[in-house]
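Enquirer: Please find work_28.csv (CSV, C-alpha atoms) on the next line:
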chain,number,residue,atom,x,y,z
A,519,MET,CA,98.8,144.4,113.6
A,520,THR,CA,101.9,142.3,114.5
A,521,PRO,CA,103.6,140.2,111.8
A,522,PHE,CA,102.3,137.0,113.4
A,523,GLN,CA,98.7,138.3,113.3
A,524,HIS,CA,99.2,139.3,109.7
A,525,TYR,CA,100.4,135.8,108.7
A,526,LYS,CA,97.6,134.2,110.6
A,527,THR,CA,95.0,136.3,108.9
A,528,ALA,CA,96.6,135.7,105.5
A,529,LEU,CA,96.7,132.0,106.0
A,530,LEU,CA,93.1,131.8,107.2
A,531,ARG,CA,92.0,133.7,104.2
A,532,GLU,CA,93.8,131.2,101.9
A,533,PRO,CA,91.5,128.3,100.7
A,534,VAL,CA,94.3,125.8,101.2
A,535,LEU,CA,92.1,122.7,101.7
A,536,PHE,CA,89.9,123.5,98.7
A,537,ARG,CA,92.8,124.1,96.4
A,538,GLY,CA,94.6,121.0,97.8
A,539,ALA,CA,91.5,118.9,97.1
A,540,ILE,CA,91.4,120.2,93.5
A,541,LEU,CA,95.0,119.5,92.9
A,542,LEU,CA,94.7,116.0,94.5
A,543,ALA,CA,91.7,115.1,92.4
A,544,ALA,CA,93.4,116.4,89.2
A,545,SER,CA,96.6,114.4,90.1
A,546,LEU,CA,94.6,111.2,90.6
A,547,LEU,CA,92.7,111.7,87.4
A,548,LEU,CA,95.9,112.4,85.4
A,549,GLY,CA,97.7,109.5,87.0
A,550,LEU,CA,94.9,107.0,86.1
A,551,VAL,CA,94.7,108.2,82.5
A,552,TYR,CA,98.5,108.3,82.1
A,553,ASN,CA,98.8,104.8,83.6
A,554,GLN,CA,96.4,103.4,81.0
A,555,MET,CA,98.5,104.9,78.2
A,556,HIS,CA,102.0,104.1,79.5
A,557,PRO,CA,103.9,101.0,78.3
A,558,LEU,CA,105.2,100.3,81.8
A,559,PRO,CA,102.1,100.8,83.9
A,560,VAL,CA,101.4,100.3,87.6
A,561,ASN,CA,99.7,96.9,88.0
A,562,ALA,CA,98.6,96.5,91.6
A,563,THR,CA,96.0,93.9,91.0
A,564,SER,CA,98.3,91.3,89.6
A,565,GLY,CA,100.8,92.0,92.3
A,566,SER,CA,104.4,90.9,92.3
A,567,PRO,CA,105.5,87.3,92.7
A,568,SER,CA,106.3,86.4,96.3
A,569,PRO,CA,110.0,86.1,97.1
A,570,ARG,CA,111.4,82.7,96.4
A,571,PRO,CA,114.1,81.4,98.8
A,572,VAL,CA,117.1,79.7,97.3
A,573,SER,CA,116.2,76.3,98.7
A,574,ASN,CA,113.0,76.3,96.5
A,575,ILE,CA,114.9,76.5,93.2
A,576,VAL,CA,114.6,73.1,91.6
A,577,PRO,CA,116.9,71.6,89.0
A,578,ALA,CA,115.9,71.7,85.4
A,579,HIS,CA,115.0,68.1,85.2
A,580,GLU,CA,112.5,68.5,88.1
A,581,THR,CA,110.6,71.4,86.7
A,582,SER,CA,107.1,71.1,85.4
A,583,VAL,CA,108.1,71.6,81.8
A,584,ALA,CA,106.4,68.9,79.8
A,585,LYS,CA,107.7,67.7,76.5
A,586,SER,CA,105.1,66.8,74.0
A,587,SER,CA,105.4,64.1,71.3
A,588,ASP,CA,106.5,66.7,68.7
A,589,GLY,CA,109.4,67.8,70.8
A,590,VAL,CA,107.9,71.1,71.8
A,591,TYR,CA,108.1,72.2,75.4
A,592,GLN,CA,105.0,73.5,77.1
A,593,HIS,CA,105.0,75.3,80.4
A,594,GLU,CA,102.4,77.1,82.5
A,595,MET,CA,103.8,80.3,84.0
A,596,MET,CA,101.9,83.1,85.7
A,597,GLY,CA,98.7,81.9,84.0
A,598,ILE,CA,100.2,82.1,80.5
A,599,ARG,CA,100.8,78.9,78.6
A,600,LEU,CA,104.3,79.2,77.1
A,601,VAL,CA,105.2,77.1,74.1
A,602,GLY,CA,108.7,77.0,72.6
A,603,PRO,CA,111.2,74.7,71.1
A,604,SER,CA,113.7,72.8,73.2
A,605,ARG,CA,116.7,74.9,73.9
A,606,ASN,CA,119.9,74.1,75.7
A,607,ALA,CA,121.2,77.4,77.1
A,608,SER,CA,124.2,75.9,78.8
A,609,PRO,CA,127.2,77.9,77.7
A,610,PRO,CA,130.7,76.4,77.6
A,611,SER,CA,132.5,76.3,81.0
A,612,HIS,CA,135.1,78.9,81.9
A,613,ALA,CA,133.4,81.4,79.6
A,614,PRO,CA,134.3,85.0,80.3
A,615,ILE,CA,131.6,87.2,81.9
A,616,THR,CA,129.4,88.0,79.0
A,617,GLN,CA,126.3,90.0,78.5
A,618,VAL,CA,123.0,88.3,77.8
A,619,ALA,CA,119.6,89.7,76.9
A,620,TRP,CA,116.3,88.5,78.4
A,621,GLU,CA,115.3,87.1,75.0
A,622,GLU,CA,118.3,84.8,74.9
A,623,ILE,CA,117.8,83.3,78.4
A,624,ARG,CA,114.1,83.4,78.7
A,625,ASP,CA,113.4,79.8,77.9
A,626,ALA,CA,116.3,78.5,79.9
A,627,VAL,CA,115.2,80.4,82.9
A,628,ARG,CA,111.7,79.0,82.6
A,629,SER,CA,113.0,75.5,82.3
A,630,GLY,CA,115.3,75.9,85.3
A,631,GLY,CA,118.5,75.6,83.2
A,632,ILE,CA,119.7,79.0,84.4
A,633,ILE,CA,119.8,80.4,87.9
A,634,LEU,CA,118.8,84.1,87.8
A,635,VAL,CA,120.4,86.1,90.6
A,636,ASP,CA,119.0,89.5,91.7
A,637,ALA,CA,121.8,91.8,92.8
A,638,ARG,CA,119.5,94.5,94.2
A,639,SER,CA,118.7,95.0,97.8
A,640,ARG,CA,116.4,92.5,99.6
A,641,ALA,CA,113.6,95.1,100.1
A,642,VAL,CA,113.7,96.0,96.4
A,643,HIS,CA,113.7,92.3,95.4
A,644,GLU,CA,110.7,91.6,97.6
A,645,ALA,CA,108.9,94.6,96.0
A,646,GLY,CA,109.2,93.0,92.6
A,647,HIS,CA,111.6,90.7,90.8
A,648,ILE,CA,111.8,88.4,87.8
A,649,PRO,CA,110.0,85.1,88.7
A,650,ALA,CA,112.3,82.4,90.0
A,651,SER,CA,115.2,84.7,90.6
A,652,VAL,CA,117.2,84.4,93.7
A,653,SER,CA,118.1,87.4,95.9
A,654,LEU,CA,121.8,87.9,96.6
A,655,PRO,CA,122.1,91.6,97.5
A,656,PHE,CA,125.5,92.9,96.4
A,657,GLN,CA,125.5,95.3,99.4
A,658,ASN,CA,125.4,92.3,101.7
A,659,VAL,CA,127.3,89.8,99.6
A,660,ASP,CA,130.0,89.1,102.2
A,661,ASN,CA,127.4,87.8,104.6
A,662,GLU,CA,125.2,85.9,102.2
A,663,ILE,CA,127.6,84.4,99.8
A,664,GLN,CA,128.2,81.4,102.0
A,665,ARG,CA,124.6,80.5,102.2
A,666,PHE,CA,124.3,81.0,98.4
A,667,MET,CA,127.3,78.7,97.8
A,668,GLU,CA,125.8,76.0,100.0
A,669,GLN,CA,122.7,75.9,97.9
A,670,ILE,CA,123.8,76.7,94.3
A,671,ASP,CA,126.3,74.4,92.8
A,672,SER,CA,129.4,76.1,91.3
A,673,GLY,CA,128.8,74.3,88.0
A,674,ARG,CA,125.4,75.9,87.4
A,675,THR,CA,124.9,78.6,84.8
A,676,ILE,CA,124.2,81.9,86.6
A,677,VAL,CA,122.9,85.2,85.2
A,678,VAL,CA,123.0,88.2,87.4
A,679,TYR,CA,120.8,91.2,87.0
A,680,CYS,CA,120.0,94.4,88.8
A,681,ALA,CA,117.7,97.4,88.0
A,682,ASP,CA,118.6,98.6,84.5
A,683,THR,CA,121.5,99.5,82.2
A,684,ASN,CA,122.6,102.2,84.6
A,685,CYS,CA,123.1,99.8,87.4
A,686,PRO,CA,126.7,98.5,87.7
A,687,VAL,CA,126.0,96.2,90.6
A,688,SER,CA,125.2,93.1,88.4
A,689,ILE,CA,128.7,93.0,86.8
A,690,HIS,CA,130.3,93.5,90.3
A,691,LEU,CA,128.3,90.6,91.7
A,692,ALA,CA,129.1,88.5,88.7
A,693,LEU,CA,132.8,89.1,89.3
A,694,THR,CA,132.4,88.3,92.9
A,695,LEU,CA,130.7,85.0,92.0
A,696,VAL,CA,133.6,84.1,89.6
A,697,ARG,CA,136.1,84.8,92.4
A,698,HIS,CA,134.1,82.4,94.6
A,699,GLY,CA,134.5,79.6,92.1
A,700,TYR,CA,131.5,79.9,89.9
A,701,ARG,CA,132.6,78.9,86.4
A,702,ASP,CA,129.7,80.1,84.3
A,703,VAL,CA,128.5,83.5,85.3
A,704,ARG,CA,126.9,86.0,82.9
A,705,TYR,CA,125.0,89.2,83.5
A,706,MET,CA,122.0,90.9,82.0
A,707,PRO,CA,122.7,94.6,81.6
A,708,GLY,CA,119.1,95.5,80.9
A,709,GLY,CA,118.1,94.0,84.2
A,710,PHE,CA,114.7,94.1,85.8
A,711,LEU,CA,113.6,96.9,83.4
A,712,GLU,CA,114.3,94.8,80.3
A,713,TRP,CA,112.3,92.0,81.7
A,714,ARG,CA,109.4,94.3,82.5
A,715,LYS,CA,109.4,95.8,79.0
A,716,HIS,CA,109.2,92.2,77.6
A,717,GLN,CA,106.3,91.4,80.0
A,718,SER,CA,104.6,94.6,79.0
A,719,SER,CA,104.9,93.9,75.2
A,720,ALA,CA,103.9,90.2,75.8
A,721,ALA,CA,100.8,91.4,77.7
A,722,ARG,CA,99.9,93.6,74.7
A,723,GLN,CA,100.3,90.7,72.3
A,724,ILE,CA,98.2,88.2,74.3
A,725,ARG,CA,94.6,89.0,73.9
A,726,PRO,CA,91.9,87.4,76.1
A,727,GLY,CA,90.8,84.1,74.7
A,728,GLU,CA,93.9,83.5,72.7
B,396,MET,CA,119.0,170.3,110.2
B,397,ALA,CA,120.9,169.1,107.2
B,398,GLU,CA,121.6,165.6,108.6
B,399,ALA,CA,118.0,164.5,108.9
B,400,PRO,CA,117.3,164.0,105.1
B,401,VAL,CA,120.5,162.1,104.8
B,402,VAL,CA,119.5,159.7,107.6
B,403,ARG,CA,116.0,159.2,106.1
B,404,SER,CA,117.5,158.6,102.7
B,405,LYS,CA,119.8,155.9,104.0
B,406,ALA,CA,117.0,154.3,105.9
B,407,ASN,CA,114.9,154.2,102.8
B,408,GLN,CA,117.8,152.8,100.8
B,409,THR,CA,118.4,150.1,103.4
B,410,GLY,CA,114.7,149.2,103.4
B,411,ARG,CA,114.6,149.0,99.6
B,412,MET,CA,117.7,146.9,99.5
B,413,LYS,CA,116.3,144.6,102.2
B,414,LEU,CA,113.1,144.3,100.2
B,415,ILE,CA,115.0,143.5,97.0
B,416,ILE,CA,117.1,140.9,98.8
B,417,ASP,CA,114.1,139.4,100.5
B,418,LEU,CA,112.2,139.3,97.3
B,419,LYS,CA,115.1,137.7,95.4
B,420,ILE,CA,115.8,135.1,98.0
B,421,ALA,CA,112.1,134.3,98.3
B,422,ASP,CA,111.8,134.0,94.5
B,423,ILE,CA,114.9,131.8,94.3
B,424,ILE,CA,113.6,129.5,97.0
B,425,ARG,CA,110.2,129.3,95.3
B,426,CYS,CA,111.8,128.6,91.9
B,427,VAL,CA,114.3,126.0,93.3
B,428,ILE,CA,111.4,124.1,95.0
B,429,GLY,CA,109.4,124.3,91.9
B,430,VAL,CA,112.2,123.0,89.7
B,431,LEU,CA,113.0,120.2,92.2
B,432,LEU,CA,109.3,119.1,92.3
B,433,ILE,CA,109.1,119.0,88.5
B,434,TYR,CA,112.4,117.1,88.2
B,435,ALA,CA,111.2,114.6,90.8
B,436,ALA,CA,107.9,114.2,89.0
B,437,LEU,CA,109.4,113.6,85.6
B,438,GLY,CA,111.7,110.9,86.9
B,439,LYS,CA,108.7,109.1,88.4
B,440,LEU,CA,106.5,109.6,85.3
B,441,ALA,CA,109.1,108.0,83.1
B,442,ASP,CA,108.4,104.6,84.6
B,443,PRO,CA,105.3,104.5,86.8
B,444,GLY,CA,105.6,100.8,87.4
B,445,ALA,CA,109.1,101.1,88.7
B,446,PHE,CA,108.0,103.9,91.0
B,447,PHE,CA,105.2,101.7,92.4
B,448,LEU,CA,107.8,99.0,93.2
B,449,GLN,CA,110.0,101.6,94.9
B,450,VAL,CA,106.9,102.6,97.0
B,451,LYS,CA,106.3,98.9,97.7
B,452,ALA,CA,109.9,98.5,98.9
B,453,TYR,CA,109.1,100.7,101.9
B,454,GLN,CA,107.1,97.7,103.1
B,455,PHE,CA,104.2,99.7,104.5
B,456,PRO,CA,101.5,97.6,106.0
B,457,LEU,CA,99.0,98.9,103.4
B,458,PRO,CA,97.2,97.1,100.5
B,459,ASP,CA,98.8,97.2,97.1
B,460,GLU,CA,95.8,99.0,95.6
B,461,PHE,CA,96.2,101.9,98.1
B,462,LEU,CA,100.0,102.2,97.3
B,463,ALA,CA,99.2,102.0,93.6
B,464,VAL,CA,96.8,105.0,93.8
B,465,GLY,CA,99.4,106.9,95.8
B,466,ALA,CA,102.1,106.0,93.2
B,467,LEU,CA,99.9,107.1,90.4
B,468,ALA,CA,98.8,110.4,91.9
B,469,LEU,CA,102.0,111.6,93.6
B,470,PRO,CA,104.1,112.4,90.4
B,471,TRP,CA,101.3,114.5,89.0
B,472,LEU,CA,100.8,116.3,92.3
B,473,GLU,CA,104.5,117.1,92.4
B,474,LEU,CA,104.3,118.3,88.8
B,475,LEU,CA,101.3,120.5,89.4
B,476,LEU,CA,102.7,121.9,92.6
B,477,GLY,CA,106.1,122.5,90.8
B,478,PHE,CA,104.6,124.4,87.9
B,479,LEU,CA,102.2,126.5,90.2
B,480,LEU,CA,105.2,127.5,92.3
B,481,LEU,CA,107.3,128.3,89.3
B,482,PHE,CA,104.6,130.5,87.8
B,483,HIS,CA,103.7,132.1,91.2
B,484,VAL,CA,100.1,130.9,91.1
B,485,TRP,CA,98.2,130.2,94.5
B,486,THR,CA,101.7,130.6,96.0
B,487,ILE,CA,100.7,130.4,99.7
B,488,SER,CA,98.4,127.4,99.3
B,489,VAL,CA,100.8,125.6,97.0
B,490,ALA,CA,103.9,126.3,99.2
B,491,LEU,CA,101.9,125.0,102.2
B,492,LEU,CA,100.9,121.9,100.3
B,493,ALA,CA,104.5,121.4,99.2
B,494,GLY,CA,105.6,121.8,102.8
B,495,ALA,CA,103.1,119.2,103.9
B,496,LEU,CA,104.3,116.9,101.1
B,497,PHE,CA,107.9,117.3,102.1
B,498,LEU,CA,107.0,116.7,105.8
B,499,LEU,CA,105.3,113.4,104.7
B,500,PHE,CA,108.4,112.5,102.7
B,501,THR,CA,110.5,113.3,105.8
B,502,LEU,CA,108.4,110.9,107.9
B,503,VAL,CA,108.4,108.2,105.3
B,504,SER,CA,112.2,108.3,104.6
B,505,GLY,CA,112.8,108.6,108.3
B,506,TYR,CA,110.8,105.5,108.9
B,507,ALA,CA,112.8,103.7,106.2
B,508,TRP,CA,116.0,104.9,107.8
B,509,LEU,CA,115.1,103.9,111.3
B,510,ALA,CA,113.8,100.5,110.0
B,511,GLY,CA,117.2,99.9,108.4
B,512,LEU,CA,115.7,99.4,104.9
B,513,GLU,CA,118.4,99.3,102.3
B,514,ILE,CA,116.4,100.9,99.6
B,515,SER,CA,116.6,103.8,97.2
B,516,CYS,CA,114.2,106.5,98.4
B,517,GLY,CA,112.8,106.8,94.9
B,518,CYS,CA,113.0,110.6,95.1
B,519,PHE,CA,114.9,111.6,91.9
B,520,ASN,CA,116.1,110.0,88.7
B,521,LEU,CA,119.8,110.7,89.0
B,522,ASN,CA,120.5,109.0,85.6
B,523,TRP,CA,119.7,112.3,83.9
B,524,PHE,CA,122.7,113.9,85.6
B,525,GLY,CA,125.0,111.0,84.6
B,526,LEU,CA,124.8,109.5,88.1
B,527,ASP,CA,123.3,106.1,88.5
B,528,ASN,CA,121.1,105.3,91.5
B,529,SER,CA,123.1,102.2,92.3
B,530,GLY,CA,126.6,103.8,92.2
B,531,ASN,CA,128.2,105.1,95.4
B,532,ALA,CA,127.2,108.7,94.9
B,533,GLY,CA,123.7,107.6,93.7
B,534,GLN,CA,123.2,105.3,96.7
B,535,TRP,CA,124.3,108.0,99.1
B,536,LEU,CA,122.0,110.7,97.5
B,537,GLU,CA,119.1,108.3,97.4
B,538,SER,CA,119.7,106.7,100.8
B,539,PRO,CA,116.8,107.1,103.3
B,540,ALA,CA,119.2,108.9,105.8
B,541,PHE,CA,120.2,111.6,103.3
B,542,ALA,CA,116.6,111.8,102.0
B,543,THR,CA,115.3,112.5,105.6
B,544,PHE,CA,117.6,115.5,106.0
B,545,ARG,CA,117.0,116.7,102.5
B,546,ASN,CA,113.2,116.5,103.0
B,547,LEU,CA,113.5,118.3,106.3
B,548,LEU,CA,115.4,121.1,104.7
B,549,LEU,CA,112.8,121.3,101.8
B,550,THR,CA,110.0,121.4,104.4
B,551,ALA,CA,111.7,124.3,106.1
B,552,ALA,CA,112.3,126.0,102.7
B,553,ALA,CA,108.6,125.5,101.6
B,554,LEU,CA,107.4,127.0,104.9
B,555,GLY,CA,109.9,129.8,104.5
B,556,CYS,CA,108.4,130.3,101.1
B,557,VAL,CA,104.9,130.5,102.6
B,558,ALA,CA,106.2,133.2,105.0
B,559,SER,CA,108.1,135.3,102.5
B,560,CYS,CA,106.6,134.5,99.0
B,561,GLY,CA,102.9,134.8,99.7
B,562,THR,CA,102.4,137.2,102.6
B,563,LYS,CA,103.8,140.7,102.5
B,564,VAL,CA,104.0,142.0,106.1
B,565,PRO,CA,103.1,145.7,106.0
B,566,GLN,CA,105.9,147.9,107.2
B,567,PRO,CA,105.0,149.9,110.3
Will you turn the file into structure tokens for me?
Expert:
Amino acid sequence: MTPFQHYKTALLREPVLFRGAILLAASLLLGLVYNQMHPLPVNATSGSPSPRPVSNIVPAHETSVAKSSDGVYQHEMMGIRLVGPSRNASPPSHAPITQVAWEEIRDAVRSGGIILVDARSRAVHEAGHIPASVSLPFQNVDNEIQRFMEQIDSGRTIVVYCADTNCPVSIHLALTLVRHGYRDVRYMPGGFLEWRKHQSSAARQIRPGE
Amino acid sequence: MAEAPVVRSKANQTGRMKLIIDLKIADIIRCVIGVLLIYAALGKLADPGAFFLQVKAYQFPLPDEFLAVGALALPWLELLLGFLLLFHVWTISVALLAGALFLLFTLVSGYAWLAGLEISCGCFNLNWFGLDNSGNAGQWLESPAFATFRNLLLTAAALGCVASCGTKVPQP
């Protein structure tokens, strides 16, 4: 028997498809169970918000935030009614590039007081991003900065984010924006992951009917 | 008359050496593939949601639900294949399946490369080695171009593992 015939016989004797089907079924089952237990699960049914072009960002005074008689701001976002005290998140001008946490800027982002800038690549941004954030990929910043500058006033408060704490791109983009004349630029080191963790914990806190 | 046993002895020695080297190389390849699969799986399992987004970033014309099922099952399949390879269980089948998986990865990363997508391939969590996926080294290691060649190499290694790990060709 030649080596080729030997291999052929050995492979034909091997129940590859059967074992493959067992492994695939086990993987799927484990994946589904694990996803139910994980704090950062896959959520395909809710989907990601569609990408929002820069031109669609509206100034704070034109957003749908409604101020009730008791001075409390109410806002509908992603089907969740958000209620919170009025906050003015505008920092002093010419501030150094400081770090911010999602908790600090959350209300200001929702009210349109802050422009969130996503420094990750366009494809990653389109796959999932913080709602209302603007895509300005650091990889392509030289080509896109002009368009960004035409649409975002240099006096606006900007917070740059990327993937997570291990991602240095946000601070680099923040520095680039400062060099292009933006006076109030900050960055969120926790990035998209920090936002997702907050979304995840918020989803656990909100029960149906509440 | 006295030379014949010496020649036979040398031939036997060479054959044994070859077998040991073959066995060791085959075992090393099998263990390396196993460890790589486990490492890749653990990185994805740490944040399933982020892995789903990385899969979505490939912009396949497929429904999200289908991609989600794939993103949920893939890390576990990698983990199971990795452990089975490492512990030498069902080696021929598992190495063949790993080869098929790597071939699929080659096609997927090749597609992203040819489409010019500036994405991270989502293959490994480099943070565990002190590299970040967005730094220069991380971007290069996770780029679709590099991933295509790496996956091609892993496909060849897995098929080599099928040939050498599982089937012992009888010596004539």
Enquirer: Residues of chain A within 8 Å of chain B, using all atoms listed in the file, as JSON, numbers by chain?
Expert: {"A": [521, 524, 525, 528, 529, 532, 533, 534, 537, 538, 541, 542, 545, 546, 547, 548, 549, 550, 553, 558, 559, 560, 561, 562, 563, 565, 639, 640, 641, 642, 644, 645, 646, 684, 685, 686, 687]}
Enquirer: Restrict the selected residues to C-alpha atoms and save them as a PDB file, keeping the file's coordinate frame.
Expert:
ATOM      1  CA  PRO A 521     103.600 140.200 111.800  1.00  0.00           C
ATOM      2  CA  HIS A 524      99.200 139.300 109.700  1.00  0.00           C
ATOM      3  CA  TYR A 525     100.400 135.800 108.700  1.00  0.00           C
ATOM      4  CA  ALA A 528      96.600 135.700 105.500  1.00  0.00           C
ATOM      5  CA  LEU A 529      96.700 132.000 106.000  1.00  0.00           C
ATOM      6  CA  GLU A 532      93.800 131.200 101.900  1.00  0.00           C
ATOM      7  CA  PRO A 533      91.500 128.300 100.700  1.00  0.00           C
ATOM      8  CA  VAL A 534      94.300 125.800 101.200  1.00  0.00           C
ATOM      9  CA  ARG A 537      92.800 124.100  96.400  1.00  0.00           C
ATOM     10  CA  GLY A 538      94.600 121.000  97.800  1.00  0.00           C
ATOM     11  CA  LEU A 541      95.000 119.500  92.900  1.00  0.00           C
ATOM     12  CA  LEU A 542      94.700 116.000  94.500  1.00  0.00           C
ATOM     13  CA  SER A 545      96.600 114.400  90.100  1.00  0.00           C
ATOM     14  CA  LEU A 546      94.600 111.200  90.600  1.00  0.00           C
ATOM     15  CA  LEU A 547      92.700 111.700  87.400  1.00  0.00           C
ATOM     16  CA  LEU A 548      95.900 112.400  85.400  1.00  0.00           C
ATOM     17  CA  GLY A 549      97.700 109.500  87.000  1.00  0.00           C
ATOM     18  CA  LEU A 550      94.900 107.000  86.100  1.00  0.00           C
ATOM     19  CA  ASN A 553      98.800 104.800  83.600  1.00  0.00           C
ATOM     20  CA  LEU A 558     105.200 100.300  81.800  1.00  0.00           C
ATOM     21  CA  PRO A 559     102.100 100.800  83.900  1.00  0.00           C
ATOM     22  CA  VAL A 560     101.400 100.300  87.600  1.00  0.00           C
ATOM     23  CA  ASN A 561      99.700  96.900  88.000  1.00  0.00           C
ATOM     24  CA  ALA A 562      98.600  96.500  91.600  1.00  0.00           C
ATOM     25  CA  THR A 563      96.000  93.900  91.000  1.00  0.00           C
ATOM     26  CA  GLY A 565     100.800  92.000  92.300  1.00  0.00           C
ATOM     27  CA  SER A 639     118.700  95.000  97.800  1.00  0.00           C
ATOM     28  CA  ARG A 640     116.400  92.500  99.600  1.00  0.00           C
ATOM     29  CA  ALA A 641     113.600  95.100 100.100  1.00  0.00           C
ATOM     30  CA  VAL A 642     113.700  96.000  96.400  1.00  0.00           C
ATOM     31  CA  GLU A 644     110.700  91.600  97.600  1.00  0.00           C
ATOM     32  CA  ALA A 645     108.900  94.600  96.000  1.00  0.00           C
ATOM     33  CA  GLY A 646     109.200  93.000  92.600  1.00  0.00           C
ATOM     34  CA  ASN A 684     122.600 102.200  84.600  1.00  0.00           C
ATOM     35  CA  CYS A 685     123.100  99.800  87.400  1.00  0.00           C
ATOM     36  CA  PRO A 686     126.700  98.500  87.700  1.00  0.00           C
ATOM     37  CA  VAL A 687     126.000  96.200  90.600  1.00  0.00           C
TER      38      VAL A 687
END
Enquirer: I'd like the neighbourhood of Ala495 in chain B as a list in words, where a residue qualifies if any of its atoms comes within 10 Å (using all atoms listed in the file), though same-chain residues fewer than 6 positions away should be ignored.
Expert: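 That gives Val489, Thr501, Thr550, Ala553 and Leu554 of chain B.
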Enquirer: Generate a file of the selected residues that holds C-alpha atoms, formatted as a short mmCIF file (atom, residue, chain, number, x, y, z; two decimals), keeping the file's coordinate frame.
Expert:
data_model
loop_
_atom_site.label_atom_id
_atom_site.label_comp_id
_atom_site.auth_asym_id
_atom_site.auth_seq_id
_atom_site.Cartn_x
_atom_site.Cartn_y
_atom_site.Cartn_z
CA VAL B 489 100.80 125.60 97.00
CA THR B 501 110.50 113.30 105.80
CA THR B 550 110.00 121.40 104.40
CA ALA B 553 108.60 125.50 101.60
CA LEU B 554 107.40 127.00 104.90
#
Enquirer: Would you pick out the contacts of Leu634 in chain A at 9 Å or less, using only C-alpha atoms, so that residues sharing its chain but fewer than 4 positions from it are not included, and give the list as JSON, numbers by chain?
Expert: {"A": [627, 648, 649, 650, 651, 652, 653, 675, 676, 677, 678, 679]}
Enquirer: Please provide as number ranges by chain all residues within 9 Å of Cys680 in chain A, with the sequence filter that same-chain residues fewer than 2 positions apart are discarded (counting only C-alpha atoms).
Expert: A: 635-638, 678, 682-683, 685-688, 705-711
Enquirer: For CA of Ile615 in chain A and CA of Arg704 in chain A, determine how far apart the two atoms are, in Å to one decimal place.
Expert: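 We find that CA of Ile615 in chain A and CA of Arg704 in chain A lie 5.0 Å from each other.
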Enquirer: Calculated over only C-alpha atoms, which of the candidates B:Leu536, B:Phe455, B:Val484, B:Arg545 has the smallest distance to Ala507 in chain B?
Expert: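 Result for the nearest residue to Ala507 in chain B: B:Phe455.
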Enquirer: Would you please work out which residue, of B:Ser504, B:Ala542, B:Leu548, B:Asn520, is nearest to Lys439 in chain B when using only C-alpha atoms?
Expert: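 Closest residue, counting only C-alpha atoms: B:Asn520.
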Enquirer: Excluding range 496-498 of chain B and any residue of its chain fewer than 5 positions from it, enumerate the residues within 8 Å of it, using only C-alpha atoms, and give them as a list of chain:residue names.
Expert: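 What passes the distance filter is B:Asn546, B:Leu547, B:Leu549, B:Thr550.
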Enquirer: As an exercise, work out the distance from CA of Leu535 in chain A to CA of Arg425 in chain B in Å and give it to one decimal place.
Expert: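 Answer for the CA of Leu535 in chain A to CA of Arg425 in chain B separation: 20.3 Å.
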Enquirer: Can you tell me how far CA of Ala540 in chain B sits from CA of Cys556 in chain B, in Å to one decimal?
Expert: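 According to the coordinates, CA of Ala540 in chain B and CA of Cys556 in chain B are separated by 24.4 Å.
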